[in-house]
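Comments concern the structure below.
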Amino acid sequence: MALFPAMAMAQGFQVNLHGQKQIGMGHTGTGLLQDGASVLFNPGAVAMLPQNYLQAGISPLFFKSAFQSTGSNVTYNNTNQVATPFTAYAVWGPTGSKWKIGLGVYTPFGGLTNWGNTWVGKYSLESLNLKAIYFQPTLSYKLSNTVSIGAGFVYNYGSVDLTEALPLSSSSGQDGQAELKGSGHGLGYNLGVFIKPSNEVSLGLTYRSQVDTKIENGDALFTVPASLASSFPSPNTFSSSIPLPSTTSLGLGYMPDNKWTIGFDMEFVHWSVYKSLDFTYGKTTSSLQNTSLARNYQDAYDVRLGAEYKTSPKIAVRFGGGYATTAVQDGYVTPEAPDADRVYGTLGLGTKLAKNLDLDLSFEYEHVMSRTQTEIQTQLSGTFKTNVYIPGISLSYHW
Amino acid sequence: MKNLKNYIYILAAAVFVTACKPNFNSNPAPGKGSLDLTRYISVGNSLTAGYADGGLYLNGQLNSYPSIIAQQMTSVNSSLTFNQPLFASSQANGSGYLKLTGFDASGNPVTSTVTSNLAYVGQATVPGFGTVNLMAKYTGNLDNYGVPGIKLLHLTSTLYPNVNPYFDRMLTTTSPNNTTTYLSLITSKSFTFFTNWLGNNDALGYATGGGGGYTGADVLTDPTTFGQLYTLLITTLTANGAKGACATIPDVTTIPYFTTVTYPLVLAGVQKAVPSVQALYINAATNTTDATGATETYAPRAATANDLFVLTFPTSLLGSTTAGVGTYPYGLDPRNPIESKYVLDANEQTLVKNAVNSYNTTIKTIAASKGLAVFDAFTFLTNIKASGYVINGLNLNSNYISGGIFSLDGVHLTPRGYSIVANQFITAINSTYGSSIPLANVSAYNGVIFP
């Protein structure tokens, strides 16, 4: 008997919050020269940046999801928890040189959701806290005044903390509990090329590699009625591996005058590498078997458009938006990340606090399309609705 | 910097205007369709009463499927009340029940019987029958008429209310002076909707007693009699325009009471101790000529995997020279076969299947003639036995204890099992009457309780 059922980490856990200026412009930036965030958006553009940068930002993410079972009139909301994607970039190069070096620390994947221990899907998931922090040293080189290239090396520190109920009632009526908690790391790289044929037009192409993140010897903790304790050895360990997919971005920039900057990005996310989620336990029993859960993700795309307008030398207003297709196929939608196609709009405001210091604010509203699904493996059947609200702030020092 | 302030206000406003939870307009919105839910009554046996773990006790009553249905119905009629003959809290353990106390070294479950805080209050002597136990009376309003043990056959009996303490406790008179038949009890006050799941015991009583072949064995209700009584029941229930839902009778071989202690398991257990044993012997029906199973002849023969042992078969008897008729090792020698009460043999199963099929044809035909909803429990439980039941991340099946649906007696259901039954009734009701009674949350009801 496999009493330990579906566990999953899902899509929707790609996080595109990589710089306040870029967020304000609908997440465009691959073909633009805005600031140190080019380390992520396009390492090839780093050598073209006009200055050196030291900057950091944070984008508290309010994820509001609700679920209603098929045939029921009860709505379950996930509890309010605030995820904190952040960015930090440094870019430096000698004045007038052809090269620059950079370092980026950012969170391109993550998920934080808590449905509680009384909701209808508690045997699929109660809570998930998934983090991936990328550290990326970068070298960029200007081949000519119009073309530059760059490459980065990625070290990922990933962590997961997942809880779910086990259908094993104790005499007090409590369910059993399972918690999987662990961390691991992975390696990857990225490459970019940036072309600026004129002052009005620029374009960029970036490839960020897949980062296979392995978790070894994570803690697997089970709380079950005493008579079943031998079936669920605790503490136990688990190992798992998550392929964080590669992304390919193409970006265009258009600067018709010195007040307007218009950006357009397209991104391809190679999610189809995510076929299954496997957990291997240190100790298995007839009740606790290793699991392999089909995920069968599909590749995803998004398109983004944004603009910046300088109302004065000191103030820039930004706006943009985009549309992203879901990586999750019908039949595989899970409460970890109740994913669907999504549309979003962004606003941004930049101001110079001092000659070398920028303060940037951003706000994003993301609407995940309502999706009515029966998940094949868990038969969790119902409708997910999700809205995401993301304010953000960053400080940039440049010289 | 004046502009900047304005921009900040706009940005801040955007945050507050949009920062709210997603909303649902229930689709479809709860509605009663063509139903009148002024008063809902439930008619049936132990399953309807909320019997579980070999007994009727307060917690089982509180999780009976009719009470779950009624609770869901309040979404479409908030003034609906549903009263059950609940045991008082000082007598909450009712008849007593089985409790899981752990597992032995080989992983087999160990149970004990709860004997405190029972509802038994005395005994009565029923002329021509004998002594019966009496339970504390229930005197409040009554909408759940589930009587553990009752058969459709007892529908118009005036003796039966005197011999069944669960029935007696619903009446104002006391055994042996009861004269209220079940049919007159359930129709004594007007109602607008009913569920009816009578008929299980007309087959199950015979089956759980290992069929016939011994003194005191139960018999199957004659299918013709079943048809007449079912017609009378439904005609009476619908006489004043009430609508309702009926359920069919499950295949008894889908329940863990018959599928847990299997012949290969028992044989392997014996061979572990005595490797030379080749077969076990049972006292089996030799034919299937009497539809009620009352007049079959029995003879010893070697058992096969097609013979079903009851969950309560005491395997410790095997090989004993004092058990059964004695002298020869019990079950290992055709001269001292395993008694018929412990085995539903292949021929007896045929008799039960024939009877159940006939009962179900009757139920479906009569229900259809009155336009009633039907929950086809036969098909539903057969499918669960074949392929399990997965819902909300729960992998349920018909296995004993681990399956999550059946309680410790292997026949009746856990609260989780009853919630699934309630949802099946609701689904049938909604599709027949155009109503949208919301389904219950199966995840909120527990399975077997583990110590």
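Letters A, B, ... mark the chains of the structure tokens in the order given; residue numbers begin at 1 per chain; ligand numbers begin at 1, in order shown.
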With 6 Å as the cut-off and only C-alpha atoms counted, what is the closest atom pair between each nearby residue of chain A and chain B? Distances in Å to one decimal, ordered by chain and number, as a Markdown table.
```
| residue | atom | partner | partner_atom | distance |
| --- | --- | --- | --- | --- |
| A:Lys64 | CA | B:Lys21 | CA | 5.8 |
| A:Gly71 | CA | B:Pro438 | CA | 5.5 |
| A:Ser72 | CA | B:Pro438 | CA | 4.5 |
| A:Asn73 | CA | B:Ser26 | CA | 5.6 |
| A:Val120 | CA | B:Ser443 | CA | 5.5 |
| A:Gly121 | CA | B:Asn392 | CA | 5.4 |
| A:Tyr123 | CA | B:Gly393 | CA | 5.2 |
| A:Ser124 | CA | B:Gly393 | CA | 5.1 |
| A:Ser169 | CA | B:Ile449 | CA | 5.0 |
| A:Ser170 | CA | B:Phe450 | CA | 5.1 |
| A:Ser171 | CA | B:Ile449 | CA | 5.7 |
| A:Pro225 | CA | B:Pro451 | CA | 5.8 |
| A:Ser227 | CA | B:Gly102 | CA | 5.5 |
| A:Thr378 | CA | B:Gly393 | CA | 3.9 |
| A:Gln379 | CA | B:Ile391 | CA | 4.8 |
| A:Leu380 | CA | B:Asn392 | CA | 4.1 |
```
When DSSP works through the backbone of this structure, what residues of region 28-241 of chain A end up as strand (DSSP E or B), shown as an MDAnalysis selection string?
-> chainID A and resid 53:58 61:69 75:77 82:83 86:92 99:114 127:142 147:166 169:170 176:195 201:208 211:223 236:241
Residue contacts of Ala220 (chain A) (9 Å, only C-alpha atoms) excluding same-chain residues fewer than 3 positions away, as a PyMOL selection string | chain A and resi 178-182+217+233-238+281-282
Per-residue nearest contacts of region 189-220 of chain B to region 254-268 of chain B (12 Å; only C-alpha atoms) as JSON lines:
```
{"residue": "B:Leu204", "atom": "CA", "partner": "B:Ile255", "partner_atom": "CA", "distance": 10.6}
{"residue": "B:Ala207", "atom": "CA", "partner": "B:Phe258", "partner_atom": "CA", "distance": 9.1}
{"residue": "B:Thr208", "atom": "CA", "partner": "B:Tyr257", "partner_atom": "CA", "distance": 7.8}
{"residue": "B:Gly209", "atom": "CA", "partner": "B:Tyr257", "partner_atom": "CA", "distance": 10.9}
{"residue": "B:Gly210", "atom": "CA", "partner": "B:Phe258", "partner_atom": "CA", "distance": 9.5}
```
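Residues of region 299-363 of chain B assigned to helix (DSSP H, G or I) by DSSP on this structure's backbone: Thr315, Ser316, Leu317, Ser340, Lys341, Tyr342, Ala346, Asn347, Glu348, Gln349, Thr350, Leu351, Val352, Lys353, Asn354, Ala355, Val356, Asn357, Ser358, Tyr359, Asn360, Thr361, Thr362 and Ile363 of chain B.
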Spatial neighbours of Asp302 (chain A), 8 Å, only C-alpha atoms, chain gap at least 5 places, as a PyMOL selection string | chain A and resi 266-268+322-325
Got time to write the residues from that selection, C-alpha atoms, as a PDB file, in the first residue's frame?
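Below is the file selection-v4.pdb, written as the result:
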```pdb
ATOM      1  CA  MET A 266      10.376  36.980 -26.071  1.00  0.00           C
ATOM      2  CA  GLU A 267      11.341  34.048 -23.941  1.00  0.00           C
ATOM      3  CA  PHE A 268      11.300  30.322 -24.520  1.00  0.00           C
ATOM      4  CA  GLY A 322       3.071  40.525 -21.034  1.00  0.00           C
ATOM      5  CA  TYR A 323       1.559  37.163 -21.555  1.00  0.00           C
ATOM      6  CA  ALA A 324       2.966  33.752 -20.595  1.00  0.00           C
ATOM      7  CA  THR A 325       1.815  30.301 -21.570  1.00  0.00           C
TER       8      THR A 325
END
```
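Counting only C-alpha atoms, the residue from B:Lys353, B:Val132, B:Gly244, B:Thr288 that sits nearest to Val374 (chain B) is B:Gly244.
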Any idea what the distance is between CA of Tyr274 (chain A) and CA of Ser240 (chain A)?
-> 12.9 Å
Pick out the residues sitting within 8 Å of Thr107 (chain A), and hand them over as a ChimeraX atom specification; count only C-alpha atoms, and ignore anything fewer than 5 positions along from it in its own chain.
-> /A:15,17-18,85-87,131-134
Quick one: distance from CA of Gln177 (chain A) to CA of Leu221 (chain A) in Å, one decimal?
->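 Rounded to one decimal, the two atoms are 8.1 Å apart.
Here CA of Ser97 (chain A) stands at a distance of 11.9 Å from CA of Asn52 (chain A).
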Do a neighbour search on region 143-153 of chain B at 9 Å with only C-alpha atoms, toss out local chain neighbours closer than 5 positions, and write the hits as a ChimeraX atom specification.
-> /B:39-51,55-56,66-67,81-85,160,164,166-167,170,182,185-186,197-203,205,221,225-226,229-230,233
Skipping near chain neighbours, those fewer than 4 positions away, what residues fall within 10 Å of Asn290 (chain A) using only C-alpha atoms, listed as a compact mmCIF listing (two decimals) with C-alpha atoms, in the first residue's frame?
```
# COMPACT_ATOMS: atom_id res chain seq x y z
CA ALA A 2 1.42 3.29 -1.02
CA PHE A 4 2.48 8.26 0.84
CA PHE A 238 15.33 11.59 1.00
CA SER A 239 17.02 12.48 -2.23
CA ASP A 278 11.21 11.33 -8.04
CA PHE A 279 11.80 10.86 -4.35
CA THR A 280 14.15 8.22 -3.04
CA TYR A 281 14.06 7.53 0.66
CA GLY A 282 16.96 6.44 2.82
CA LYS A 283 14.76 3.80 4.42
CA THR A 284 11.76 2.34 2.68
CA THR A 285 9.01 0.08 4.01
```
